[in-house]
>>> print(open('my_file-v7.cif').read())   # mmCIF, C-alpha atoms
data_coords
#
loop_
_atom_site.label_atom_id
_atom_site.label_comp_id
_atom_site.auth_asym_id
_atom_site.auth_seq_id
_atom_site.Cartn_x
_atom_site.Cartn_y
_atom_site.Cartn_z
CA MET A 1 -50.51 13.80 -11.49
CA THR A 2 -50.39 10.03 -11.75
CA ALA A 3 -47.68 7.40 -11.66
CA PRO A 4 -46.90 5.28 -14.73
CA ALA A 5 -49.36 2.41 -15.01
CA GLY A 6 -48.23 -0.57 -12.97
CA ALA A 7 -45.32 1.23 -11.30
CA ARG A 8 -44.18 -0.80 -8.30
CA VAL A 9 -42.98 1.27 -5.35
CA LEU A 10 -41.19 -0.19 -2.33
CA VAL A 11 -41.92 1.66 0.92
CA ALA A 12 -39.31 1.08 3.62
CA ARG A 13 -41.74 1.18 6.53
CA SER A 14 -43.62 -1.31 8.70
CA PRO A 15 -47.31 -1.94 7.93
CA ASP A 16 -48.58 -0.09 11.00
CA ARG A 17 -46.81 3.11 9.87
CA ALA A 18 -47.35 3.00 6.13
CA GLY A 19 -51.14 3.05 5.72
CA GLU A 20 -51.55 6.66 4.61
CA LEU A 21 -48.69 6.48 2.13
CA VAL A 22 -49.88 3.14 0.74
CA THR A 23 -53.34 4.61 0.13
CA ALA A 24 -51.91 7.73 -1.48
CA LEU A 25 -49.70 5.68 -3.81
CA ARG A 26 -52.63 3.54 -4.89
CA ASP A 27 -54.69 6.65 -5.53
CA VAL A 28 -52.19 7.72 -8.23
CA GLY A 29 -52.04 4.29 -9.85
CA ALA A 30 -48.90 2.85 -8.24
CA GLU A 31 -48.57 -0.57 -6.65
CA PRO A 32 -47.03 -0.18 -3.16
CA LEU A 33 -45.05 -2.92 -1.44
CA LEU A 34 -43.67 -2.75 2.08
CA LEU A 35 -40.19 -3.47 3.39
CA PRO A 36 -40.04 -3.15 7.19
CA LEU A 37 -36.43 -2.31 8.13
CA ILE A 38 -36.55 -0.54 11.48
CA ASP A 39 -38.70 -0.83 14.59
CA PHE A 40 -38.80 0.78 18.02
CA GLU A 41 -38.18 -0.45 21.53
CA LEU A 42 -38.37 1.00 24.99
CA ALA A 43 -35.48 3.22 26.00
CA SER A 44 -32.73 1.37 27.86
CA ASP A 45 -32.63 4.04 30.59
CA GLN A 46 -36.20 4.06 31.87
CA HIS A 47 -35.21 5.81 35.11
CA SER A 48 -34.10 9.01 33.37
CA LEU A 49 -37.24 9.02 31.23
CA ASP A 50 -39.44 8.44 34.28
CA VAL A 51 -37.82 11.28 36.21
CA ALA A 52 -38.20 13.70 33.31
CA PHE A 53 -41.77 12.60 32.59
CA ASP A 54 -42.77 13.10 36.22
CA ALA A 55 -41.17 16.54 36.16
CA LEU A 56 -43.12 17.28 32.99
CA GLY A 57 -46.40 16.46 34.71
CA ALA A 58 -45.41 18.56 37.72
CA GLY A 59 -44.94 21.65 35.56
CA ALA A 60 -41.14 21.80 35.64
CA TYR A 61 -40.87 22.68 31.95
CA ALA A 62 -42.18 25.62 29.95
CA TRP A 63 -42.09 23.72 26.64
CA LEU A 64 -42.44 20.18 25.32
CA VAL A 65 -40.79 19.69 21.90
CA VAL A 66 -41.91 16.60 19.99
CA SER A 67 -40.17 15.68 16.74
CA SER A 68 -41.92 12.44 15.73
CA VAL A 69 -45.05 10.34 16.08
CA THR A 70 -42.94 7.65 17.75
CA THR A 71 -42.00 10.11 20.48
CA VAL A 72 -45.68 10.73 21.16
CA GLN A 73 -46.22 6.99 21.43
CA ALA A 74 -43.37 6.68 23.95
CA LEU A 75 -44.91 9.46 26.05
CA GLU A 76 -48.33 7.84 25.80
CA ALA A 77 -46.86 4.63 27.17
CA LYS A 78 -45.48 6.56 30.16
CA ALA A 79 -48.84 8.21 30.79
CA ALA A 80 -50.55 4.80 30.61
CA GLU A 81 -48.15 3.46 33.26
CA ARG A 82 -49.49 6.22 35.52
CA GLY A 83 -53.11 5.35 34.78
CA THR A 84 -53.87 8.38 32.65
CA THR A 85 -53.60 9.79 29.15
CA LEU A 86 -50.95 12.11 27.78
CA SER A 87 -53.36 15.03 27.39
CA ARG A 88 -54.41 14.74 31.04
CA TRP A 89 -50.82 14.40 32.23
CA LEU A 90 -49.60 17.60 30.61
CA PRO A 91 -50.12 20.74 32.73
CA GLY A 92 -52.27 23.51 31.31
CA SER A 93 -49.40 25.98 31.39
CA LEU A 94 -47.21 23.83 29.12
CA LEU A 95 -46.51 24.98 25.57
CA VAL A 96 -46.05 22.30 22.91
CA ALA A 97 -43.94 22.57 19.75
CA THR A 98 -43.52 20.07 16.94
CA ILE A 99 -41.98 19.79 13.49
CA GLY A 100 -43.89 17.87 10.84
CA PRO A 101 -47.61 17.93 10.06
CA ALA A 102 -48.02 14.21 10.75
CA THR A 103 -46.78 14.64 14.32
CA ARG A 104 -48.99 17.68 14.79
CA ARG A 105 -52.07 15.80 13.59
CA PHE A 106 -51.20 12.86 15.83
CA LEU A 107 -50.85 15.10 18.90
CA GLU A 108 -54.09 16.92 18.17
CA SER A 109 -55.92 13.60 17.69
CA ARG A 110 -54.85 12.82 21.26
CA GLY A 111 -56.27 16.11 22.56
CA VAL A 112 -52.87 17.84 22.82
CA ALA A 113 -52.86 21.36 21.34
CA VAL A 114 -49.77 22.45 19.41
CA ASP A 115 -48.60 26.01 20.08
CA LEU A 116 -45.66 26.26 17.69
CA ALA A 117 -44.74 24.49 14.44
CA PRO A 118 -42.88 25.61 11.30
CA THR A 119 -45.01 26.19 8.23
CA GLY A 120 -42.17 26.63 5.75
CA GLN A 121 -39.26 24.28 6.30
CA GLN A 122 -40.95 21.52 8.30
CA SER A 123 -37.89 20.25 10.11
CA GLY A 124 -35.75 20.78 13.18
CA ALA A 125 -34.02 23.64 11.42
CA GLY A 126 -37.38 25.17 10.58
CA LEU A 127 -38.46 25.04 14.23
CA ILE A 128 -35.20 26.64 15.37
CA ASP A 129 -35.73 29.46 12.90
CA ILE A 130 -39.06 30.43 14.49
CA TRP A 131 -38.18 29.61 18.10
CA PRO A 132 -38.71 32.63 20.39
CA GLU A 133 -35.60 33.50 22.37
CA HIS A 134 -35.21 32.95 26.11
CA GLN A 135 -38.29 30.76 26.60
CA GLY A 136 -37.08 28.89 29.69
CA SER A 137 -36.85 25.14 30.16
CA VAL A 138 -37.58 22.64 27.39
CA PHE A 139 -38.24 18.91 27.63
CA LEU A 140 -36.96 17.21 24.46
CA PRO A 141 -37.68 13.45 24.36
CA GLN A 142 -35.94 11.84 21.38
CA ALA A 143 -34.73 8.65 19.76
CA ASP A 144 -31.41 7.20 20.82
CA ILE A 145 -30.00 8.13 17.38
CA ALA A 146 -31.48 11.65 17.27
CA ASP A 147 -29.46 14.35 15.54
CA PRO A 148 -28.09 16.67 18.27
CA ARG A 149 -28.55 19.79 16.14
CA LEU A 150 -32.12 20.39 17.33
CA ARG A 151 -31.00 20.47 20.96
CA ARG A 152 -28.02 22.67 20.15
CA GLY A 153 -30.15 25.03 18.10
CA LEU A 154 -32.68 25.48 20.90
CA GLU A 155 -29.89 26.08 23.38
CA ALA A 156 -28.39 28.68 21.04
CA ARG A 157 -31.75 30.49 21.22
CA GLY A 158 -31.45 30.69 24.99
CA ALA A 159 -33.46 27.63 26.04
CA PHE A 160 -32.43 25.27 28.83
CA VAL A 161 -32.95 21.89 27.17
CA GLN A 162 -33.44 18.57 28.96
CA ALA A 163 -32.90 15.99 26.22
CA VAL A 164 -33.82 12.41 27.20
CA THR A 165 -33.87 9.20 25.18
CA ALA A 166 -37.53 8.20 24.82
CA TYR A 167 -37.08 5.11 22.63
CA ARG A 168 -34.53 2.99 20.76
CA THR A 169 -34.39 2.45 17.01
CA VAL A 170 -33.65 -1.21 16.19
CA ASP A 171 -33.69 -3.54 13.21
CA TYR A 172 -37.15 -4.87 12.39
CA PRO A 173 -38.79 -6.61 14.13
CA ALA A 174 -38.41 -5.32 17.69
CA ASP A 175 -38.06 -7.72 20.60
CA PRO A 176 -41.69 -8.47 21.59
CA GLY A 177 -40.72 -7.99 25.22
CA ARG A 178 -39.25 -4.54 24.50
CA SER A 179 -41.46 -3.40 21.64
CA LEU A 180 -42.78 0.12 21.99
CA ALA A 181 -45.95 -0.79 20.09
CA ALA A 182 -46.73 -3.53 22.62
CA CYS A 183 -46.70 -0.96 25.44
CA HIS A 184 -49.57 1.19 24.16
CA PRO A 185 -52.76 1.40 26.22
CA ALA A 186 -55.25 -1.37 25.48
CA THR A 187 -57.87 1.16 24.36
CA GLN A 188 -55.56 2.28 21.56
CA GLN A 189 -54.40 -1.10 20.32
CA GLY A 190 -55.56 -2.05 16.88
CA SER A 191 -55.57 1.52 15.54
CA PRO A 192 -53.40 2.24 12.47
CA ALA A 193 -50.61 3.70 14.59
CA HIS A 194 -50.76 1.25 17.46
CA GLY A 195 -51.12 -2.31 18.53
CA GLY A 196 -49.38 -5.60 19.00
CA ASN A 197 -45.93 -6.83 18.24
CA ALA A 198 -44.31 -6.75 14.83
CA ALA A 199 -45.69 -10.11 13.69
CA GLN A 200 -49.22 -9.21 14.79
CA ARG A 201 -49.00 -5.85 12.99
CA ASP A 202 -47.85 -7.57 9.78
CA SER A 203 -50.65 -10.14 9.95
CA SER A 204 -53.30 -7.47 10.55
CA ALA A 205 -52.01 -5.36 7.67
CA GLN A 206 -52.03 -8.30 5.29
CA ARG A 207 -55.60 -9.26 6.30
CA ASP A 208 -56.64 -5.69 5.53
CA ASN A 209 -54.87 -5.89 2.15
CA THR A 210 -52.77 -2.85 3.00
CA ALA A 211 -49.82 -4.00 0.88
CA ALA A 212 -47.62 -7.00 0.34
CA VAL A 213 -44.73 -7.23 2.82
CA LEU A 214 -41.30 -8.23 1.49
CA THR A 215 -38.19 -9.40 3.28
CA PRO A 216 -34.85 -7.74 2.39
CA ASP A 217 -33.85 -10.82 0.37
CA GLN A 218 -37.11 -10.72 -1.58
CA ALA A 219 -36.75 -6.98 -2.20
CA LYS A 220 -33.18 -7.42 -3.42
CA THR A 221 -34.33 -10.14 -5.82
CA GLU A 222 -37.08 -7.89 -7.17
CA ILE A 223 -34.61 -5.03 -7.67
CA GLY A 224 -32.11 -7.31 -9.39
CA ALA A 225 -34.82 -8.49 -11.76
CA GLY A 226 -35.84 -4.92 -12.55
CA ARG A 227 -39.32 -5.36 -11.08
CA LEU A 228 -39.23 -2.38 -8.67
CA ASP A 229 -39.43 1.15 -10.02
CA ALA A 230 -38.77 3.17 -6.86
CA VAL A 231 -37.91 2.78 -3.19
CA VAL A 232 -39.03 5.30 -0.57
CA ALA A 233 -36.93 6.04 2.52
CA ALA A 234 -38.54 7.98 5.36
CA SER A 235 -35.46 8.43 7.55
CA PRO A 236 -31.64 8.45 7.37
CA SER A 237 -31.57 5.11 9.21
CA ALA A 238 -33.80 3.62 6.49
CA ALA A 239 -31.40 4.98 3.86
CA ARG A 240 -28.51 3.21 5.60
CA ARG A 241 -30.40 -0.08 5.66
CA ILE A 242 -31.43 0.25 2.01
CA HIS A 243 -27.78 0.77 1.09
CA ALA A 244 -26.64 -2.17 3.21
CA ASP A 245 -29.38 -4.62 2.20
CA LEU A 246 -30.44 -3.66 -1.32
CA ALA A 247 -27.66 -1.82 -3.18
CA PRO A 248 -26.94 -1.58 -6.03
CA LEU A 249 -30.39 -0.26 -6.90
CA GLY A 250 -29.92 -0.30 -10.66
CA GLY A 251 -32.96 1.28 -12.30
CA CYS A 252 -34.92 1.47 -9.03
CA ARG A 253 -35.16 5.18 -8.11
CA PHE A 254 -34.38 6.24 -4.55
CA VAL A 255 -36.90 8.73 -3.11
CA ALA A 256 -36.15 10.57 0.15
CA ILE A 257 -38.58 12.13 2.60
CA GLY A 258 -36.32 15.14 3.18
CA ARG A 259 -32.85 16.66 3.08
CA SER A 260 -31.24 14.64 5.86
CA THR A 261 -32.40 11.35 4.33
CA ALA A 262 -31.19 12.49 0.90
CA ALA A 263 -27.85 13.59 2.33
CA GLU A 264 -27.36 10.26 4.10
CA ALA A 265 -28.15 8.34 0.92
CA GLN A 266 -25.80 10.47 -1.16
CA SER A 267 -23.00 10.08 1.39
CA LEU A 268 -23.33 6.32 0.89
CA GLY A 269 -23.13 6.64 -2.89
CA LEU A 270 -26.83 6.13 -3.60
CA SER A 271 -28.31 8.26 -6.37
CA VAL A 272 -31.28 10.27 -5.09
CA ALA A 273 -33.87 10.62 -7.85
CA SER A 274 -36.21 12.89 -5.89
CA THR A 275 -36.71 14.46 -2.46
CA ALA A 276 -40.12 15.31 -1.01
CA GLU A 277 -40.80 19.01 -0.68
CA GLU A 278 -42.67 18.36 2.56
CA PRO A 279 -42.49 15.33 4.90
CA THR A 280 -46.04 14.08 4.30
CA ALA A 281 -47.65 11.23 2.39
CA SER A 282 -48.73 13.60 -0.38
CA GLY A 283 -45.25 15.13 -0.49
CA LEU A 284 -43.70 11.69 -0.86
CA VAL A 285 -46.15 10.67 -3.58
CA ASP A 286 -45.32 13.82 -5.54
CA ALA A 287 -41.63 12.99 -5.17
CA VAL A 288 -42.25 9.42 -6.39
CA ILE A 289 -44.07 10.72 -9.48
CA ARG A 290 -41.22 13.12 -10.25
CA ALA A 291 -38.69 10.32 -9.80
CA LEU A 292 -40.55 7.96 -12.11
CA ALA A 293 -40.82 10.68 -14.75
CA SER A 294 -37.04 11.15 -14.81
CA GLN A 295 -34.22 9.03 -16.14
CA PRO A 296 -31.89 7.33 -13.64
CA SER A 297 -28.96 9.60 -12.82
CA PRO A 298 -25.41 8.86 -11.67
CA PRO A 299 -24.51 9.16 -7.96
CA THR A 300 -24.61 12.76 -6.76
CA GLN A 301 -22.48 14.66 -4.29
CA PRO A 302 -23.67 15.10 -0.68
CA VAL A 303 -26.09 17.97 -0.02
CA ALA A 304 -24.22 21.11 0.99
CA GLY A 305 -24.85 22.57 4.43
CA PRO A 306 -26.33 20.90 7.52
CA PRO A 307 -29.40 18.83 6.60
CA ALA A 308 -32.55 19.13 8.66
CA LYS A 309 -34.16 16.25 10.47
CA ASP A 310 -36.93 14.56 8.50
CA THR A 311 -40.26 13.59 9.99
CA ILE A 312 -43.51 12.11 8.88
#
>>> encode(input="my_file-v7.cif", output="structure tokens")
Amino acid sequence: MTAPAGARVLVARSPDRAGELVTALRDVGAEPLLLPLIDFELASDQHSLDVAFDALGAGAYAWLVVSSVTTVQALEAKAAERGTTLSRWLPGSLLVATIGPATRRFLESRGVAVDLAPTGQQSGAGLIDIWPEHQGSVFLPQADIADPRLRRGLEARGAFVQAVTAYRTVDYPADPGRSLAACHPATQQGSPAHGGNAAQRDSSAQRDNTAAVLTPDQAKTEIGAGRLDAVVAASPSAARRIHADLAPLGGCRFVAIGRSTAAEAQSLGLSVASTAEEPTASGLVDAVIRALASQPSPPTQPVAGPPAKDTI
């Protein structure tokens, strides 16, 4: 499957997090552009995170549940503060669960084995469905805006869950003094998922010709002129920003990474042209191709039932 020749696709992600998707879009003939909307900062309550992280290293939890790559990065920063790596900090008895394939690959690239992950519905709901009952204590580091349904679902399965805010989601760019990316170990800086503050990450991406980076005003102008064919949102918070900064989208198709992003967009009155069947770069590219092959549709009703958390 290929995209229409010359199709221009706006990806609502920062350059350091969009590399795989940008490459995949180019491979099918699309022209990707980037619109950084959200970034990540250190959690406001570092004391609670420190206490829980120390307890994690001491073996106080039976499970670690990780729902995003950003969570792994926050934990890596804590390990670096203690002069070690995350894989060395975690006790051998700890079991690790995750949701999406991107997070699993990221953990495994750091030497952290994953013991449980959904293979069907790759989401918080999918993990709850396969969670074994009465598995003891669970450490659940999350974003400040995390959906509480994952915690509640694990508790309903008999787990004692310690949920702690690991990082804050903020408008792009993050405060350089609070940026999560700036806190990564020096040995990891400069990799596709790490390194520098927002401005440095943008500059590096542009030197590598990853994709052109637009401001919200530039993106809105391109949409108004009919020069963007699709916009990709990889989280509900990105959907909210797209609605606030870019709507109306006109003929620009909205593509969602998963059900919760689609539901958020629909609740705001945005028409969702396509939703990825799995929260991966290839899943998103397939969704973009389907969206570009269809005609724009009128706003749809919100997705029925509780949406699952999206990850990539």
>>> closest_atom_pairs(input="my_file-v7.cif", of="region 40-77 of chain A", to="region 86-94 of chain A", cutoff="12 Å", atoms="all atoms listed in the file", output="Markdown table")
| residue | atom | partner | partner_atom | distance |
| --- | --- | --- | --- | --- |
| A:Phe53 | CA | A:Trp89 | CA | 9.2 |
| A:Asp54 | CA | A:Trp89 | CA | 9.1 |
| A:Ala55 | CA | A:Leu90 | CA | 10.1 |
| A:Leu56 | CA | A:Leu90 | CA | 6.9 |
| A:Gly57 | CA | A:Leu90 | CA | 5.3 |
| A:Ala58 | CA | A:Pro91 | CA | 7.2 |
| A:Gly59 | CA | A:Pro91 | CA | 6.0 |
| A:Ala60 | CA | A:Leu94 | CA | 9.1 |
| A:Tyr61 | CA | A:Leu94 | CA | 7.0 |
| A:Ala62 | CA | A:Leu94 | CA | 5.4 |
| A:Trp63 | CA | A:Leu94 | CA | 5.7 |
| A:Leu64 | CA | A:Leu94 | CA | 7.1 |
| A:Val65 | CA | A:Leu94 | CA | 10.5 |
| A:Thr71 | CA | A:Leu86 | CA | 11.7 |
| A:Val72 | CA | A:Leu86 | CA | 8.6 |
| A:Gln73 | CA | A:Leu86 | CA | 9.4 |
| A:Ala74 | CA | A:Leu86 | CA | 10.1 |
| A:Leu75 | CA | A:Leu86 | CA | 6.8 |
| A:Glu76 | CA | A:Leu86 | CA | 5.4 |
| A:Ala77 | CA | A:Leu86 | CA | 8.5 |
>>> resolve_selection(input="my_file-v7.cif", expression="the PyMOL selection byres ((chain A and resi 133) around 6)", output="PyMOL selection string")
chain A and resi 132+134-135+157-158
>>> write_last_selection(input="my_file-v7.cif", atoms="C-alpha atoms", output="tab-separated table (two decimals), in the frame of the given file")
chain	number	residue	atom	x	y	z
A	132	PRO	CA	-38.71	32.63	20.39
A	134	HIS	CA	-35.21	32.95	26.11
A	135	GLN	CA	-38.29	30.76	26.60
A	157	ARG	CA	-31.75	30.49	21.22
A	158	GLY	CA	-31.45	30.69	24.99
>>> closest_residue(input="my_file-v7.cif", among="A:Ala125, A:Val66, A:Leu246, A:Val28", to="Val112 (chain A)", atoms="all atoms listed in the file")
A:Val66
>>> resolve_selection(input="my_file-v7.cif", expression="the PyMOL selection byres ((chain A and resi 252) around 9)", output="list of chain:residue names")
A:Val9, A:Ile223, A:Gly226, A:Arg227, A:Leu228, A:Asp229, A:Ala230, A:Val231, A:Leu249, A:Gly250, A:Gly251, A:Arg253, A:Phe254, A:Pro296
>>> resolve_selection(input="my_file-v7.cif", expression="the PyMOL selection byres ((chain A and resi 99) around 6)", output="list in words")
Ser67, Thr98, Gly100, Ala117, Gln122 and Ser123 of chain A
>>> atom_distance(input="my_file-v7.cif", atom1="CA of Thr169 (chain A)", atom2="CA of Pro236 (chain A)")
11.7 Å
>>> residues_near_point(input="my_file-v7.cif", point="(-30.7, 1.5, 18.8)", cutoff="12 Å", atoms="all atoms listed in the file", output="PyMOL selection string")
chain A and resi 38-44+142-146+165-172+174-175+178+237
>>> closest_residue(input="my_file-v7.cif", among="A:Val285, A:Ala234, A:Ala262, A:Ala159", to="Pro36 (chain A)", atoms="all atoms listed in the file")
A:Ala234
>>> residues_near_point(input="my_file-v7.cif", point="(-47.2, 14.9, 6.5)", cutoff="9 Å", atoms="all atoms listed in the file", output="short mmCIF file (atom, residue, chain, number, x, y, z; two decimals) with C-alpha atoms, in the coordinates of the input")
data_model
loop_
_atom_site.label_atom_id
_atom_site.label_comp_id
_atom_site.auth_asym_id
_atom_site.auth_seq_id
_atom_site.Cartn_x
_atom_site.Cartn_y
_atom_site.Cartn_z
CA GLY A 100 -43.89 17.87 10.84
CA PRO A 101 -47.61 17.93 10.06
CA ALA A 102 -48.02 14.21 10.75
CA THR A 103 -46.78 14.64 14.32
CA ARG A 104 -48.99 17.68 14.79
CA ARG A 105 -52.07 15.80 13.59
CA GLU A 278 -42.67 18.36 2.56
CA PRO A 279 -42.49 15.33 4.90
CA THR A 280 -46.04 14.08 4.30
CA ALA A 281 -47.65 11.23 2.39
CA SER A 282 -48.73 13.60 -0.38
CA GLY A 283 -45.25 15.13 -0.49
CA LEU A 284 -43.70 11.69 -0.86
CA THR A 311 -40.26 13.59 9.99
CA ILE A 312 -43.51 12.11 8.88
#
>>> closest_residue(input="my_file-v7.cif", among="A:Ala5, A:Leu127, A:Val213, A:Ala265", to="Ile242 (chain A)", atoms="only C-alpha atoms")
A:Ala265
>>> atom_distance(input="my_file-v7.cif", atom1="CA of Val272 (chain A)", atom2="CA of Ala291 (chain A)")
8.8 Å
>>> atom_distance(input="my_file-v7.cif", atom1="CA of Ala156 (chain A)", atom2="CA of Ser260 (chain A)")
20.9 Å
>>> closest_residue(input="my_file-v7.cif", among="A:Asp217, A:Glu108, A:Asp147, A:Asp27", to="Met1 (chain A)", atoms="only C-alpha atoms")
A:Asp27
>>> closest_residue(input="my_file-v7.cif", among="A:Gly224, A:Asp129, A:Gly153, A:Val11", to="Leu25 (chain A)", atoms="all atoms listed in the file")
A:Val11
>>> decode(input="my_file-v7.cif", residues="region 198-285 of chain A", atoms="C-alpha atoms", output="JSON list (two decimals), in the first residue's frame")
[["chain", "number", "residue", "atom", "x", "y", "z"],
["A", 198, "ALA", "CA", 13.67, 21.15, 22.78],
["A", 199, "ALA", "CA", 15.58, 23.65, 20.65],
["A", 200, "GLN", "CA", 18.63, 21.38, 20.44],
["A", 201, "ARG", "CA", 16.43, 18.42, 19.46],
["A", 202, "ASP", "CA", 14.76, 20.47, 16.70],
["A", 203, "SER", "CA", 18.11, 21.67, 15.34],
["A", 204, "SER", "CA", 19.55, 18.15, 15.31],
["A", 205, "ALA", "CA", 16.48, 16.76, 13.56],
["A", 206, "GLN", "CA", 16.60, 19.44, 10.89],
["A", 207, "ARG", "CA", 20.33, 18.86, 10.26],
["A", 208, "ASP", "CA", 19.53, 15.17, 9.76],
["A", 209, "ASN", "CA", 16.72, 16.10, 7.36],
["A", 210, "THR", "CA", 14.21, 14.19, 9.45],
["A", 211, "ALA", "CA", 11.31, 16.46, 8.47],
["A", 212, "ALA", "CA", 10.38, 20.10, 8.33],
["A", 213, "VAL", "CA", 9.12, 21.48, 11.65],
["A", 214, "LEU", "CA", 6.10, 23.80, 11.61],
["A", 215, "THR", "CA", 4.72, 26.13, 14.24],
["A", 216, "PRO", "CA", 0.98, 25.99, 15.00],
["A", 217, "ASP", "CA", 0.45, 29.22, 13.04],
["A", 218, "GLN", "CA", 2.28, 27.81, 10.03],
["A", 219, "ALA", "CA", 0.32, 24.55, 10.24],
["A", 220, "LYS", "CA", -2.98, 26.42, 10.44],
["A", 221, "THR", "CA", -2.02, 28.44, 7.36],
["A", 222, "GLU", "CA", -1.16, 25.27, 5.45],
["A", 223, "ILE", "CA", -4.48, 23.67, 6.44],
["A", 224, "GLY", "CA", -6.42, 26.79, 5.46],
["A", 225, "ALA", "CA", -4.74, 26.76, 2.06],
["A", 226, "GLY", "CA", -5.57, 23.09, 1.55],
["A", 227, "ARG", "CA", -1.91, 22.06, 1.47],
["A", 228, "LEU", "CA", -2.08, 19.37, 4.19],
["A", 229, "ASP", "CA", -3.80, 16.08, 3.48],
["A", 230, "ALA", "CA", -3.77, 14.49, 6.95],
["A", 231, "VAL", "CA", -2.78, 15.18, 10.54],
["A", 232, "VAL", "CA", -1.69, 12.40, 12.90],
["A", 233, "ALA", "CA", -2.40, 12.57, 16.64],
["A", 234, "ALA", "CA", -0.60, 10.13, 18.92],
["A", 235, "SER", "CA", -2.39, 10.98, 22.18],
["A", 236, "PRO", "CA", -5.63, 12.52, 23.49],
["A", 237, "SER", "CA", -3.66, 15.59, 24.62],
["A", 238, "ALA", "CA", -2.41, 16.04, 21.04],
["A", 239, "ALA", "CA", -6.01, 15.80, 19.82],
["A", 240, "ARG", "CA", -7.00, 18.60, 22.22],
["A", 241, "ARG", "CA", -4.19, 20.82, 20.98],
["A", 242, "ILE", "CA", -5.00, 20.11, 17.33],
["A", 243, "HIS", "CA", -8.59, 21.14, 18.00],
["A", 244, "ALA", "CA", -7.54, 24.28, 19.86],
["A", 245, "ASP", "CA", -4.79, 25.39, 17.48],
["A", 246, "LEU", "CA", -5.76, 24.10, 14.04],
["A", 247, "ALA", "CA", -9.53, 23.58, 13.74],
["A", 248, "PRO", "CA", -11.41, 23.67, 11.47],
["A", 249, "LEU", "CA", -9.42, 21.05, 9.57],
["A", 250, "GLY", "CA", -11.38, 21.30, 6.34],
["A", 251, "GLY", "CA", -10.16, 18.62, 3.94],
["A", 252, "CYS", "CA", -7.23, 17.63, 6.18],
["A", 253, "ARG", "CA", -8.03, 14.14, 7.54],
["A", 254, "PHE", "CA", -7.57, 13.47, 11.25],
["A", 255, "VAL", "CA", -5.81, 10.16, 12.00],
["A", 256, "ALA", "CA", -5.74, 8.78, 15.56],
["A", 257, "ILE", "CA", -3.29, 6.34, 17.10],
["A", 258, "GLY", "CA", -6.03, 4.52, 19.01],
["A", 259, "ARG", "CA", -9.50, 4.56, 20.52],
["A", 260, "SER", "CA", -8.91, 7.05, 23.33],
["A", 261, "THR", "CA", -7.37, 9.58, 20.93],
["A", 262, "ALA", "CA", -10.24, 9.05, 18.48],
["A", 263, "ALA", "CA", -12.81, 9.41, 21.26],
["A", 264, "GLU", "CA", -11.22, 12.64, 22.49],
["A", 265, "ALA", "CA", -11.19, 14.09, 18.98],
["A", 266, "GLN", "CA", -14.80, 13.12, 18.36],
["A", 267, "SER", "CA", -15.90, 14.61, 21.68],
["A", 268, "LEU", "CA", -14.43, 17.91, 20.48],
["A", 269, "GLY", "CA", -16.31, 17.71, 17.18],
["A", 270, "LEU", "CA", -13.36, 16.66, 15.02],
["A", 271, "SER", "CA", -14.11, 14.13, 12.30],
["A", 272, "VAL", "CA", -11.86, 11.07, 12.64],
["A", 273, "ALA", "CA", -11.02, 9.70, 9.20],
["A", 274, "SER", "CA", -9.11, 6.67, 10.45],
["A", 275, "THR", "CA", -7.83, 5.01, 13.63],
["A", 276, "ALA", "CA", -4.72, 2.84, 13.77],
["A", 277, "GLU", "CA", -5.41, -0.82, 14.44],
["A", 278, "GLU", "CA", -2.25, -1.02, 16.53],
["A", 279, "PRO", "CA", -0.28, 1.81, 18.22],
["A", 280, "THR", "CA", 2.86, 1.50, 16.09],
["A", 281, "ALA", "CA", 4.46, 3.45, 13.26],
["A", 282, "SER", "CA", 3.30, 0.86, 10.73],
["A", 283, "GLY", "CA", -0.20, 0.89, 12.23],
["A", 284, "LEU", "CA", -0.35, 4.66, 11.91],
["A", 285, "VAL", "CA", 0.91, 4.60, 8.33]]
